[in-house]
$ cat input_15.pdb   # PDB, C-alpha atoms
MODEL        1
ATOM      1  CA  MET A 210     -14.180   5.656  27.188
ATOM      2  CA  HIS A 211     -12.869   9.069  28.109
ATOM      3  CA  MET A 212     -13.104  12.030  25.779
ATOM      4  CA  GLU A 213      -9.722  11.745  24.077
ATOM      5  CA  THR A 214     -10.124   8.117  23.029
ATOM      6  CA  SER A 215     -13.711   8.530  21.811
ATOM      7  CA  HIS A 216     -12.535  11.530  19.741
ATOM      8  CA  ILE A 217     -10.098   9.419  17.698
ATOM      9  CA  PHE A 218     -12.754   6.755  17.020
ATOM     10  CA  GLU A 219     -15.177   9.495  15.904
ATOM     11  CA  LEU A 220     -12.540  10.900  13.512
ATOM     12  CA  ALA A 221     -11.812   7.447  12.078
ATOM     13  CA  ARG A 222     -15.566   6.886  11.506
ATOM     14  CA  GLN A 223     -15.917  10.310   9.829
ATOM     15  CA  LEU A 224     -13.062   9.526   7.433
ATOM     16  CA  MET A 225     -14.417   6.055   6.664
ATOM     17  CA  ALA A 226     -17.903   7.452   5.969
ATOM     18  CA  ILE A 227     -16.519   9.485   3.034
ATOM     19  CA  PRO A 228     -16.080   7.135   0.039
ATOM     20  CA  SER A 229     -12.674   7.572  -1.606
ATOM     21  CA  VAL A 230     -12.090   4.647  -3.959
ATOM     22  CA  THR A 231      -9.003   5.452  -6.051
ATOM     23  CA  GLY A 232      -9.888   8.191  -8.548
ATOM     24  CA  THR A 233     -12.615   9.694  -6.333
ATOM     25  CA  GLU A 234     -10.491  11.260  -3.578
ATOM     26  CA  LEU A 235     -11.767  14.850  -3.976
ATOM     27  CA  GLU A 236     -14.205  14.856  -1.042
ATOM     28  CA  ILE A 237     -11.857  13.185   1.441
ATOM     29  CA  GLY A 238      -9.043  15.511   0.329
ATOM     30  CA  ASN A 239     -11.201  18.582   0.961
ATOM     31  CA  PHE A 240     -12.310  17.218   4.345
ATOM     32  CA  LEU A 241      -8.722  16.597   5.472
ATOM     33  CA  ALA A 242      -7.466  19.956   4.178
ATOM     34  CA  SER A 243     -10.249  21.755   6.105
ATOM     35  CA  HIS A 244      -9.708  19.650   9.233
ATOM     36  CA  LEU A 245      -5.960  20.342   9.273
ATOM     37  CA  ALA A 246      -6.422  24.058   8.587
ATOM     38  CA  ALA A 247      -8.981  24.294  11.398
ATOM     39  CA  SER A 248      -6.475  22.538  13.671
ATOM     40  CA  GLY A 249      -3.954  25.302  13.010
ATOM     41  CA  TYR A 250      -1.649  23.675  10.451
ATOM     42  CA  ARG A 251      -0.344  25.432   7.307
ATOM     43  CA  VAL A 252      -2.048  23.483   4.514
ATOM     44  CA  GLU A 253      -1.151  23.142   0.825
ATOM     45  CA  LYS A 254      -2.725  21.092  -1.942
ATOM     46  CA  GLN A 255      -0.668  19.535  -4.727
ATOM     47  CA  GLU A 256      -2.768  18.751  -7.784
ATOM     48  CA  VAL A 257      -1.975  15.310  -9.168
ATOM     49  CA  GLU A 258      -4.658  15.470 -11.864
ATOM     50  CA  PRO A 259      -7.931  17.407 -12.128
ATOM     51  CA  GLY A 260     -10.096  16.722  -9.063
ATOM     52  CA  ARG A 261      -7.332  14.791  -7.280
ATOM     53  CA  PHE A 262      -4.721  16.313  -5.000
ATOM     54  CA  ASN A 263      -2.287  15.479  -2.234
ATOM     55  CA  VAL A 264      -2.782  17.274   1.086
ATOM     56  CA  MET A 265       0.332  18.677   2.758
ATOM     57  CA  ALA A 266       0.233  20.246   6.217
ATOM     58  CA  TYR A 267       2.939  21.580   8.514
ATOM     59  CA  ALA A 268       3.175  22.409  12.209
ATOM     60  CA  GLY A 269       6.670  23.943  12.024
ATOM     61  CA  LYS A 270       9.554  23.217   9.643
ATOM     62  CA  PRO A 271       9.211  19.470   9.275
ATOM     63  CA  ARG A 272      12.093  17.133   9.973
ATOM     64  CA  VAL A 273       9.641  14.197  10.074
ATOM     65  CA  LEU A 274       6.665  13.714   7.769
ATOM     66  CA  PHE A 275       3.702  11.497   8.547
ATOM     67  CA  CYS A 276       2.651  10.019   5.194
ATOM     68  CA  THR A 277      -0.166   7.720   4.170
ATOM     69  CA  HIS A 278      -2.788   7.409   1.437
ATOM     70  CA  ILE A 279      -6.354   8.713   1.352
ATOM     71  CA  ASP A 280      -7.682   6.361  -1.349
ATOM     72  CA  THR A 281      -9.169   2.933  -0.728
ATOM     73  CA  VAL A 282      -9.915  -0.147  -2.784
ATOM     74  CA  PRO A 283     -13.532  -0.877  -3.796
ATOM     75  CA  LEU A 284     -16.134  -1.666  -2.528
ATOM     76  CA  VAL A 285     -17.526   0.950  -0.176
ATOM     77  CA  LEU A 286     -18.629  -0.764   3.050
ATOM     78  CA  PRO A 287     -21.010   0.397   5.810
ATOM     79  CA  VAL A 288     -19.243   1.838   8.858
ATOM     80  CA  ARG A 289     -20.091   0.063  12.109
ATOM     81  CA  GLU A 290     -18.489  -0.782  15.421
ATOM     82  CA  ASP A 291     -18.741  -2.975  18.460
ATOM     83  CA  GLU A 292     -16.968  -2.884  21.787
ATOM     84  CA  ASN A 293     -13.604  -3.947  20.363
ATOM     85  CA  PHE A 294     -13.531  -3.079  16.642
ATOM     86  CA  ILE A 295     -14.378  -0.426  14.071
ATOM     87  CA  TYR A 296     -15.482  -1.962  10.750
ATOM     88  CA  GLY A 297     -15.636  -0.476   7.258
ATOM     89  CA  ARG A 298     -13.603   0.331   4.177
ATOM     90  CA  GLY A 299     -10.392   2.046   5.230
ATOM     91  CA  ALA A 300     -10.589   0.896   8.864
ATOM     92  CA  CYS A 301      -6.987  -0.321   8.669
ATOM     93  CA  ASP A 302      -6.051   0.703   5.096
ATOM     94  CA  THR A 303      -5.611   3.515   5.952
ATOM     95  CA  LYS A 304      -8.238   5.867   7.410
ATOM     96  CA  GLY A 305      -7.813   4.516  10.923
ATOM     97  CA  ILE A 306      -4.093   5.173  10.463
ATOM     98  CA  ILE A 307      -4.784   8.772   9.345
ATOM     99  CA  ALA A 308      -6.791   9.290  12.549
ATOM    100  CA  ALA A 309      -3.899   7.876  14.619
ATOM    101  CA  MET A 310      -1.378  10.132  12.874
ATOM    102  CA  LEU A 311      -3.543  13.230  13.379
ATOM    103  CA  GLU A 312      -4.045  12.421  17.064
ATOM    104  CA  ALA A 313      -0.307  11.827  17.536
ATOM    105  CA  GLY A 314       0.321  15.245  15.986
ATOM    106  CA  GLU A 315      -2.028  16.877  18.491
ATOM    107  CA  ARG A 316      -0.111  15.275  21.355
ATOM    108  CA  LEU A 317       3.234  16.375  19.928
ATOM    109  CA  ARG A 318       2.069  19.986  19.553
ATOM    110  CA  LYS A 319       0.673  20.015  23.113
ATOM    111  CA  ALA A 320       4.169  19.011  24.234
ATOM    112  CA  GLY A 321       5.639  21.914  22.237
ATOM    113  CA  ILE A 322       7.017  19.748  19.390
ATOM    114  CA  GLN A 323       6.494  21.393  15.977
ATOM    115  CA  ASP A 324       9.119  19.832  13.650
ATOM    116  CA  PHE A 325       6.715  17.567  11.786
ATOM    117  CA  GLY A 326       4.138  17.623   9.009
ATOM    118  CA  TYR A 327       1.724  15.516   6.981
ATOM    119  CA  LEU A 328       1.698  14.245   3.416
ATOM    120  CA  LEU A 329      -1.610  12.544   2.568
ATOM    121  CA  VAL A 330      -1.546  11.170  -0.963
ATOM    122  CA  VAL A 331      -3.930   9.885  -3.626
ATOM    123  CA  GLY A 332      -3.515   6.822  -5.811
ATOM    124  CA  GLU A 333      -1.557   4.405  -3.630
ATOM    125  CA  GLU A 334      -3.892   1.489  -4.332
ATOM    126  CA  THR A 335      -3.258   1.578  -8.095
ATOM    127  CA  ASN A 336      -0.102   3.261  -9.401
ATOM    128  CA  GLY A 337       1.336   5.449  -6.640
ATOM    129  CA  SER A 338       0.555   8.602  -8.638
ATOM    130  CA  GLY A 339       0.232  10.815  -5.554
ATOM    131  CA  ALA A 340       3.530   9.664  -4.040
ATOM    132  CA  LYS A 341       5.330  10.028  -7.384
ATOM    133  CA  ALA A 342       4.015  13.593  -7.708
ATOM    134  CA  ALA A 343       5.022  14.453  -4.130
ATOM    135  CA  ASN A 344       8.508  13.078  -4.748
ATOM    136  CA  THR A 345       9.114  15.741  -7.444
ATOM    137  CA  LEU A 346       8.864  18.559  -4.857
ATOM    138  CA  LYS A 347      11.812  19.920  -2.881
ATOM    139  CA  TRP A 348      11.856  18.338   0.577
ATOM    140  CA  ASP A 349      14.279  19.115   3.418
ATOM    141  CA  ASN A 350      12.918  16.698   6.006
ATOM    142  CA  GLU A 351      14.990  13.813   7.332
ATOM    143  CA  PHE A 352      12.426  11.025   7.829
ATOM    144  CA  VAL A 353       9.130   9.946   6.294
ATOM    145  CA  VAL A 354       6.923   7.724   8.455
ATOM    146  CA  VAL A 355       4.683   5.839   6.018
ATOM    147  CA  GLY A 356       1.479   4.440   7.503
ATOM    148  CA  GLU A 357       0.303   0.965   6.504
ATOM    149  CA  PRO A 358      -1.118  -1.796   8.717
ATOM    150  CA  THR A 359       1.943  -3.573  10.145
ATOM    151  CA  GLY A 360       0.519  -4.518  13.545
ATOM    152  CA  ASN A 361       2.338  -1.516  15.043
ATOM    153  CA  LYS A 362       5.736  -3.014  14.148
ATOM    154  CA  LEU A 363       8.438  -1.237  12.160
ATOM    155  CA  ALA A 364       8.979  -2.970   8.820
ATOM    156  CA  ARG A 365      12.657  -3.731   8.228
ATOM    157  CA  ALA A 366      11.932  -4.231   4.539
ATOM    158  CA  GLN A 367       9.190  -4.798   1.983
ATOM    159  CA  LYS A 368       9.306  -7.236  -0.906
ATOM    160  CA  GLY A 369       9.449  -5.931  -4.451
ATOM    161  CA  THR A 370       6.958  -6.620  -7.228
ATOM    162  CA  PHE A 371       7.004  -7.710 -10.865
ATOM    163  CA  MET A 372       3.799  -7.679 -12.917
ATOM    164  CA  ALA A 373       3.424  -8.930 -16.492
ATOM    165  CA  GLU A 374       0.932 -10.222 -19.017
ATOM    166  CA  LEU A 375       1.905 -13.419 -20.806
ATOM    167  CA  SER A 376       0.236 -14.434 -24.056
ATOM    168  CA  VAL A 377       0.417 -17.383 -26.426
ATOM    169  CA  GLN A 378      -0.964 -17.610 -29.964
ATOM    170  CA  GLY A 379      -1.958 -21.070 -31.162
ATOM    171  CA  LYS A 380      -4.041 -22.277 -34.095
ATOM    172  CA  ALA A 381      -7.778 -22.960 -33.935
ATOM    173  CA  ALA A 382      -9.133 -26.304 -35.107
ATOM    174  CA  HIS A 383     -12.046 -28.693 -34.561
ATOM    175  CA  SER A 384     -11.515 -30.443 -31.219
ATOM    176  CA  GLY A 385     -12.213 -33.808 -32.895
ATOM    177  CA  TYR A 386      -9.063 -33.238 -34.985
ATOM    178  CA  PRO A 387      -6.576 -31.729 -32.526
ATOM    179  CA  GLU A 388      -3.635 -32.536 -34.804
ATOM    180  CA  ALA A 389      -4.939 -29.798 -37.162
ATOM    181  CA  GLY A 390      -4.478 -27.078 -34.521
ATOM    182  CA  VAL A 391      -2.197 -25.829 -31.766
ATOM    183  CA  SER A 392      -3.662 -25.246 -28.292
ATOM    184  CA  ALA A 393      -2.699 -21.846 -26.904
ATOM    185  CA  VAL A 394      -4.139 -22.831 -23.513
ATOM    186  CA  THR A 395      -1.871 -25.882 -23.266
ATOM    187  CA  GLY A 396       1.096 -23.794 -24.387
ATOM    188  CA  LEU A 397       0.488 -21.089 -21.783
ATOM    189  CA  TRP A 398      -0.368 -23.680 -19.128
ATOM    190  CA  ASN A 399       3.053 -25.291 -19.619
ATOM    191  CA  VAL A 400       4.834 -21.936 -19.297
ATOM    192  CA  LEU A 401       2.917 -21.047 -16.118
ATOM    193  CA  THR A 402       3.589 -24.480 -14.607
ATOM    194  CA  ASP A 403       7.310 -23.872 -15.065
ATOM    195  CA  CYS A 404       7.000 -20.353 -13.583
ATOM    196  CA  THR A 405       5.065 -21.656 -10.577
ATOM    197  CA  SER A 406       7.621 -24.358  -9.812
ATOM    198  CA  ALA A 407      10.628 -22.050 -10.348
ATOM    199  CA  ASP A 408      12.757 -20.890  -7.420
ATOM    200  CA  TRP A 409      12.074 -17.176  -6.847
ATOM    201  CA  GLY A 410      14.741 -16.907  -4.189
ATOM    202  CA  ASN A 411      14.933 -16.966  -0.418
ATOM    203  CA  ASP A 412      16.376 -14.079   1.591
ATOM    204  CA  PRO A 413      17.262 -14.215   5.301
ATOM    205  CA  VAL A 414      15.400 -10.938   5.917
ATOM    206  CA  LEU A 415      12.685 -10.884   3.230
ATOM    207  CA  GLY A 416      11.823 -14.588   3.110
ATOM    208  CA  LYS A 417      10.773 -16.330  -0.117
ATOM    209  CA  GLY A 418       9.815 -14.818  -3.444
ATOM    210  CA  THR A 419       6.339 -15.945  -4.544
ATOM    211  CA  PHE A 420       4.599 -16.286  -7.924
ATOM    212  CA  ASN A 421       0.862 -15.694  -8.452
ATOM    213  CA  ILE A 422      -1.317 -16.218 -11.527
ATOM    214  CA  GLY A 423      -3.945 -13.516 -11.020
ATOM    215  CA  ILE A 424      -5.944 -13.804 -14.266
ATOM    216  CA  PHE A 425      -6.094 -16.551 -16.904
ATOM    217  CA  ARG A 426      -8.142 -16.241 -20.089
ATOM    218  CA  GLY A 427      -8.233 -18.470 -23.125
ATOM    219  CA  GLY A 428     -10.337 -20.312 -25.654
ATOM    220  CA  GLU A 429     -13.743 -19.773 -27.198
ATOM    221  CA  ALA A 430     -15.725 -23.009 -26.951
ATOM    222  CA  PHE A 431     -15.376 -26.527 -25.580
ATOM    223  CA  ASN A 432     -15.225 -28.033 -29.069
ATOM    224  CA  VAL A 433     -12.552 -25.691 -30.486
ATOM    225  CA  ILE A 434      -8.777 -25.992 -30.042
ATOM    226  CA  PRO A 435      -8.017 -22.570 -28.454
ATOM    227  CA  ALA A 436      -6.141 -20.117 -30.666
ATOM    228  CA  SER A 437      -5.151 -17.639 -27.950
ATOM    229  CA  ALA A 438      -4.561 -17.478 -24.202
ATOM    230  CA  THR A 439      -3.343 -14.752 -21.830
ATOM    231  CA  ALA A 440      -2.452 -14.636 -18.155
ATOM    232  CA  THR A 441      -1.575 -11.773 -15.824
ATOM    233  CA  ILE A 442       1.017 -12.656 -13.206
ATOM    234  CA  MET A 443       2.571 -10.993 -10.186
ATOM    235  CA  ILE A 444       5.762 -11.968  -8.391
ATOM    236  CA  ARG A 445       6.511 -10.729  -4.861
ATOM    237  CA  THR A 446      10.234 -10.389  -5.347
ATOM    238  CA  ILE A 447      13.269 -10.544  -3.084
ATOM    239  CA  GLU A 448      15.794 -10.001  -5.895
ATOM    240  CA  PRO A 449      16.520  -6.936  -8.060
ATOM    241  CA  ARG A 450      13.895  -6.355 -10.720
ATOM    242  CA  GLN A 451      16.291  -6.904 -13.650
ATOM    243  CA  ASP A 452      17.240 -10.340 -12.256
ATOM    244  CA  VAL A 453      13.569 -11.323 -11.966
ATOM    245  CA  GLU A 454      12.880 -10.153 -15.524
ATOM    246  CA  ALA A 455      15.881 -12.117 -16.817
ATOM    247  CA  LYS A 456      14.693 -15.253 -14.995
ATOM    248  CA  MET A 457      11.201 -14.868 -16.493
ATOM    249  CA  ARG A 458      12.629 -14.521 -20.019
ATOM    250  CA  SER A 459      14.801 -17.582 -19.467
ATOM    251  CA  ILE A 460      11.828 -19.703 -18.303
ATOM    252  CA  ILE A 461       9.529 -18.509 -21.094
ATOM    253  CA  ALA A 462      12.186 -18.816 -23.810
ATOM    254  CA  ASN A 463      10.276 -18.455 -27.111
ATOM    255  CA  ARG A 464       7.064 -20.097 -25.866
ATOM    256  CA  ALA A 465       5.089 -16.943 -24.984
ATOM    257  CA  SER A 466       5.290 -13.177 -25.311
ATOM    258  CA  MET A 467       5.663 -11.042 -22.174
ATOM    259  CA  ASN A 468       4.328  -7.513 -21.719
ATOM    260  CA  ILE A 469       5.771  -6.044 -18.496
ATOM    261  CA  LEU A 470       3.139  -4.053 -16.592
ATOM    262  CA  GLY A 471       5.366  -2.673 -13.814
ATOM    263  CA  GLY A 472       7.335  -3.482 -10.728
ATOM    264  CA  THR A 473       9.499  -2.262  -7.882
ATOM    265  CA  ASN A 474      12.702  -3.451  -6.257
ATOM    266  CA  PRO A 475      12.671  -4.868  -2.735
ATOM    267  CA  HIS A 476      13.080  -1.951  -0.356
ATOM    268  CA  PRO A 477      14.904  -1.773   2.991
ATOM    269  CA  MET A 478      13.516   0.601   5.655
ATOM    270  CA  HIS A 479      14.964   2.692   8.442
ATOM    271  CA  VAL A 480      14.421   1.096  11.846
ATOM    272  CA  VAL A 481      14.795   2.529  15.334
ATOM    273  CA  ASP A 482      15.917   0.806  18.535
ATOM    274  CA  GLY A 483      13.184   0.052  21.031
ATOM    275  CA  PHE A 484      10.460  -0.841  18.486
ATOM    276  CA  GLU A 485       9.359  -4.315  17.408
ATOM    277  CA  THR A 486      10.134  -5.091  13.760
ATOM    278  CA  THR A 487       8.640  -7.204  10.974
ATOM    279  CA  VAL A 488       8.974  -7.786   7.214
ATOM    280  CA  VAL A 489       6.045  -7.161   4.859
ATOM    281  CA  SER A 490       5.038  -8.859   1.613
ATOM    282  CA  PHE A 491       2.697  -6.073   0.509
ATOM    283  CA  GLY A 492       3.570  -3.004  -1.538
ATOM    284  CA  SER A 493       3.450   0.596  -0.341
ATOM    285  CA  ASP A 494       4.350   4.069  -1.559
ATOM    286  CA  VAL A 495       7.823   3.827   0.030
ATOM    287  CA  PRO A 496       9.700   3.074  -3.236
ATOM    288  CA  TYR A 497       8.282   6.287  -4.771
ATOM    289  CA  LEU A 498       9.249   8.616  -1.880
ATOM    290  CA  GLY A 499      13.041   8.625  -2.144
ATOM    291  CA  ASN A 500      13.366  12.419  -1.848
ATOM    292  CA  LEU A 501      11.483  12.641   1.450
ATOM    293  CA  GLY A 502      14.195  11.319   3.748
ATOM    294  CA  LYS A 503      14.780   7.936   5.330
ATOM    295  CA  PRO A 504      11.613   5.796   5.091
ATOM    296  CA  LEU A 505       9.935   4.078   8.026
ATOM    297  CA  LEU A 506       6.869   1.863   7.522
ATOM    298  CA  ILE A 507       4.556   1.287  10.467
ATOM    299  CA  GLY A 508       0.922   1.452  11.538
ATOM    300  CA  PRO A 509      -1.857  -0.186  13.520
ATOM    301  CA  GLY A 510      -4.037  -2.899  12.022
ATOM    302  CA  SER A 511      -3.488  -6.144  10.136
ATOM    303  CA  ILE A 512      -2.833  -6.299   6.385
ATOM    304  CA  LEU A 513      -4.898  -9.526   6.414
ATOM    305  CA  ASP A 514      -7.985  -7.394   7.108
ATOM    306  CA  ALA A 515      -7.204  -4.889   4.324
ATOM    307  CA  HIS A 516      -9.156  -5.223   1.025
ATOM    308  CA  THR A 517     -11.620  -7.684   2.657
ATOM    309  CA  VAL A 518     -15.393  -7.379   3.111
ATOM    310  CA  ASP A 519     -14.857  -7.392   6.896
ATOM    311  CA  GLU A 520     -12.092  -4.780   7.005
ATOM    312  CA  LYS A 521     -11.624  -3.736  10.620
ATOM    313  CA  MET A 522      -9.374  -2.090  13.191
ATOM    314  CA  ARG A 523      -9.106  -3.131  16.830
ATOM    315  CA  LYS A 524      -9.809  -0.035  18.921
ATOM    316  CA  GLN A 525      -7.029  -0.758  21.415
ATOM    317  CA  GLU A 526      -4.537  -1.215  18.549
ATOM    318  CA  LEU A 527      -5.581   2.166  17.149
ATOM    319  CA  LEU A 528      -4.910   3.804  20.532
ATOM    320  CA  ASP A 529      -1.580   1.973  20.772
ATOM    321  CA  GLY A 530      -0.766   3.324  17.299
ATOM    322  CA  VAL A 531      -1.248   6.919  18.463
ATOM    323  CA  ALA A 532       1.162   6.422  21.361
ATOM    324  CA  LEU A 533       3.607   4.615  19.087
ATOM    325  CA  TYR A 534       3.613   7.378  16.431
ATOM    326  CA  GLU A 535       4.180  10.002  19.130
ATOM    327  CA  ARG A 536       7.057   8.032  20.683
ATOM    328  CA  LEU A 537       8.589   7.333  17.251
ATOM    329  CA  VAL A 538       8.621  10.998  16.217
ATOM    330  CA  ARG A 539      10.111  12.027  19.566
ATOM    331  CA  LYS A 540      12.858   9.431  19.089
ATOM    332  CA  LEU A 541      13.563  10.518  15.490
ATOM    333  CA  LEU A 542      13.808  14.167  16.554
ATOM    334  CA  ALA A 543      15.970  13.455  19.615
TER     335      ALA A 543
ENDMDL
END
$ encode --input "input_15.pdb" --output "structure tokens"
Amino acid sequence: MHMETSHIFELARQLMAIPSVTGTELEIGNFLASHLAASGYRVEKQEVEPGRFNVMAYAGKPRVLFCTHIDTVPLVLPVREDENFIYGRGACDTKGIIAAMLEAGERLRKAGIQDFGYLLVVGEETNGSGAKAANTLKWDNEFVVVGEPTGNKLARAQKGTFMAELSVQGKAAHSGYPEAGVSAVTGLWNVLTDCTSADWGNDPVLGKGTFNIGIFRGGEAFNVIPASATATIMIRTIEPRQDVEAKMRSIIANRASMNILGGTNPHPMHVVDGFETTVVSFGSDVPYLGNLGKPLLIGPGSILDAHTVDEKMRKQELLDGVALYERLVRKLLA
């Protein structure tokens, strides 16, 4: 491997070796701020909460911003590599992507292109706090290129989300005398069965809406009719959030209570001729970045590797990502 390609792998490994599970981004933020300043960028920090900040860096007056997140999901994994892959937490989500964006920036500056910058945010893996904070600032740029693992294809759209906790209160009784009680587990089970079999829509671009029961809790003992049961659900939506909420209320009727935990609408992206496209079922910071210009969502790596114990990035795909980011920014600025 010649010098330039080994440099990007070294940077990716350095970033991955610094643990930055959501809430503990201080060290990685300081590393990136120092790295960008040493590379000759103007660097600013935006405090999101004590010990957590977004890193902003500018070559010239940015018309395009590279944006991705510096936090990862648990658990911290050892960094290793073989001939074809780099392995470790953040390999594809998204420390490898940060390395690709930084390398693309170096190539752009060598070619005399300065109209770009970086926004590296905290908190994407939980509540988007970094992106929401960044969105409150005054931005003049025209495009924001958000990095997530899309297999180096431009996402035409991402599905929305709807998260809620459902709960049912029953009446405890001796299991030998079930007629004396009301099973909360059975009640909630019936509601969830109806939710699972419901039609969550089918869109020609986004595909099908999907319903997932993430957590189910209920009951106290095998010989007691359960008095309470709760479930946490998530829908990957293709319809407006208010329509999804209305459909949930209609299915539940008066059989359970619903506490809405959050959600986003499906989100279309900006696409550019000459790049392969895809549609993604995962969430990103894009819905929170409306003031940063037209959103594009693209990056090397597979989302199927993200959040796994074998998270990895193919080295060739990382190099392809650098070239792709450089070509994309040139096209956006043309």
$ residues_around --input "input_15.pdb" --residues "Asp302 in chain A" --least-positions-apart "3" --cutoff "12 Å" --atoms "only C-alpha atoms" --output "ChimeraX atom specification"
/A:221,224-225,229-230,277-283,296-299,305-308,333-334,355-360,491,493,507-517,520-522
$ write_last_selection --input "input_15.pdb" --atoms "C-alpha atoms" --output "mmCIF file, keeping the file's coordinate frame"
data_model
loop_
_atom_site.group_PDB
_atom_site.id
_atom_site.type_symbol
_atom_site.label_atom_id
_atom_site.label_comp_id
_atom_site.auth_asym_id
_atom_site.auth_seq_id
_atom_site.Cartn_x
_atom_site.Cartn_y
_atom_site.Cartn_z
ATOM 1 C CA ALA A 221 -11.812 7.447 12.078
ATOM 2 C CA LEU A 224 -13.062 9.526 7.433
ATOM 3 C CA MET A 225 -14.417 6.055 6.664
ATOM 4 C CA SER A 229 -12.674 7.572 -1.606
ATOM 5 C CA VAL A 230 -12.090 4.647 -3.959
ATOM 6 C CA THR A 277 -0.166 7.720 4.170
ATOM 7 C CA HIS A 278 -2.788 7.409 1.437
ATOM 8 C CA ILE A 279 -6.354 8.713 1.352
ATOM 9 C CA ASP A 280 -7.682 6.361 -1.349
ATOM 10 C CA THR A 281 -9.169 2.933 -0.728
ATOM 11 C CA VAL A 282 -9.915 -0.147 -2.784
ATOM 12 C CA PRO A 283 -13.532 -0.877 -3.796
ATOM 13 C CA TYR A 296 -15.482 -1.962 10.750
ATOM 14 C CA GLY A 297 -15.636 -0.476 7.258
ATOM 15 C CA ARG A 298 -13.603 0.331 4.177
ATOM 16 C CA GLY A 299 -10.392 2.046 5.230
ATOM 17 C CA GLY A 305 -7.813 4.516 10.923
ATOM 18 C CA ILE A 306 -4.093 5.173 10.463
ATOM 19 C CA ILE A 307 -4.784 8.772 9.345
ATOM 20 C CA ALA A 308 -6.791 9.290 12.549
ATOM 21 C CA GLU A 333 -1.557 4.405 -3.630
ATOM 22 C CA GLU A 334 -3.892 1.489 -4.332
ATOM 23 C CA VAL A 355 4.683 5.839 6.018
ATOM 24 C CA GLY A 356 1.479 4.440 7.503
ATOM 25 C CA GLU A 357 0.303 0.965 6.504
ATOM 26 C CA PRO A 358 -1.118 -1.796 8.717
ATOM 27 C CA THR A 359 1.943 -3.573 10.145
ATOM 28 C CA GLY A 360 0.519 -4.518 13.545
ATOM 29 C CA PHE A 491 2.697 -6.073 0.509
ATOM 30 C CA SER A 493 3.450 0.596 -0.341
ATOM 31 C CA ILE A 507 4.556 1.287 10.467
ATOM 32 C CA GLY A 508 0.922 1.452 11.538
ATOM 33 C CA PRO A 509 -1.857 -0.186 13.520
ATOM 34 C CA GLY A 510 -4.037 -2.899 12.022
ATOM 35 C CA SER A 511 -3.488 -6.144 10.136
ATOM 36 C CA ILE A 512 -2.833 -6.299 6.385
ATOM 37 C CA LEU A 513 -4.898 -9.526 6.414
ATOM 38 C CA ASP A 514 -7.985 -7.394 7.108
ATOM 39 C CA ALA A 515 -7.204 -4.889 4.324
ATOM 40 C CA HIS A 516 -9.156 -5.223 1.025
ATOM 41 C CA THR A 517 -11.620 -7.684 2.657
ATOM 42 C CA GLU A 520 -12.092 -4.780 7.005
ATOM 43 C CA LYS A 521 -11.624 -3.736 10.620
ATOM 44 C CA MET A 522 -9.374 -2.090 13.191
#
$ residues_around --input "input_15.pdb" --residues "Asn463 in chain A" --least-positions-apart "3" --cutoff "12 Å" --atoms "all atoms listed in the file" --output "ChimeraX atom specification"
/A:375-378,396-397,400,457-460,466-467
$ resolve_selection --input "input_15.pdb" --expression "the PyMOL selection byres ((chain A and resi 335-339) around 9)" --output "compact mmCIF listing (two decimals) with C-alpha atoms, in the coordinates of the input"
# COMPACT_ATOMS: atom_id res chain seq x y z
CA THR A 231 -9.00 5.45 -6.05
CA GLN A 255 -0.67 19.54 -4.73
CA GLU A 256 -2.77 18.75 -7.78
CA VAL A 257 -1.98 15.31 -9.17
CA ARG A 261 -7.33 14.79 -7.28
CA PHE A 262 -4.72 16.31 -5.00
CA ASN A 263 -2.29 15.48 -2.23
CA HIS A 278 -2.79 7.41 1.44
CA VAL A 282 -9.91 -0.15 -2.78
CA LEU A 329 -1.61 12.54 2.57
CA VAL A 330 -1.55 11.17 -0.96
CA VAL A 331 -3.93 9.88 -3.63
CA GLY A 332 -3.52 6.82 -5.81
CA GLU A 333 -1.56 4.40 -3.63
CA GLU A 334 -3.89 1.49 -4.33
CA ALA A 340 3.53 9.66 -4.04
CA LYS A 341 5.33 10.03 -7.38
CA ALA A 342 4.01 13.59 -7.71
CA ALA A 343 5.02 14.45 -4.13
CA ASN A 344 8.51 13.08 -4.75
CA SER A 493 3.45 0.60 -0.34
CA ASP A 494 4.35 4.07 -1.56
CA TYR A 497 8.28 6.29 -4.77
$ residues_near_point --input "input_15.pdb" --point "(5.7, 4.2, 16.1)" --cutoff "10 Å" --atoms "only C-alpha atoms" --output "list in words"
Met310, Ala313, Val354, Gly356, Asn361, Lys362, Leu363, Val481, Gly483, Phe484, Glu485, Leu505, Leu506, Ile507, Gly508, Pro509, Asp529, Gly530, Val531, Ala532, Leu533, Tyr534, Glu535, Arg536, Leu537, Val538, Arg539 and Lys540 of chain A
$ closest_residue --input "input_15.pdb" --among "A:Asn293, A:Asn421, A:Gln323, A:Gln525" --to "Ala373 in chain A" --atoms "all atoms listed in the file"
A:Asn421
$ atom_distance --input "input_15.pdb" --atom1 "CA of Ala407 in chain A" --atom2 "CA of Gly379 in chain A"
24.3 Å
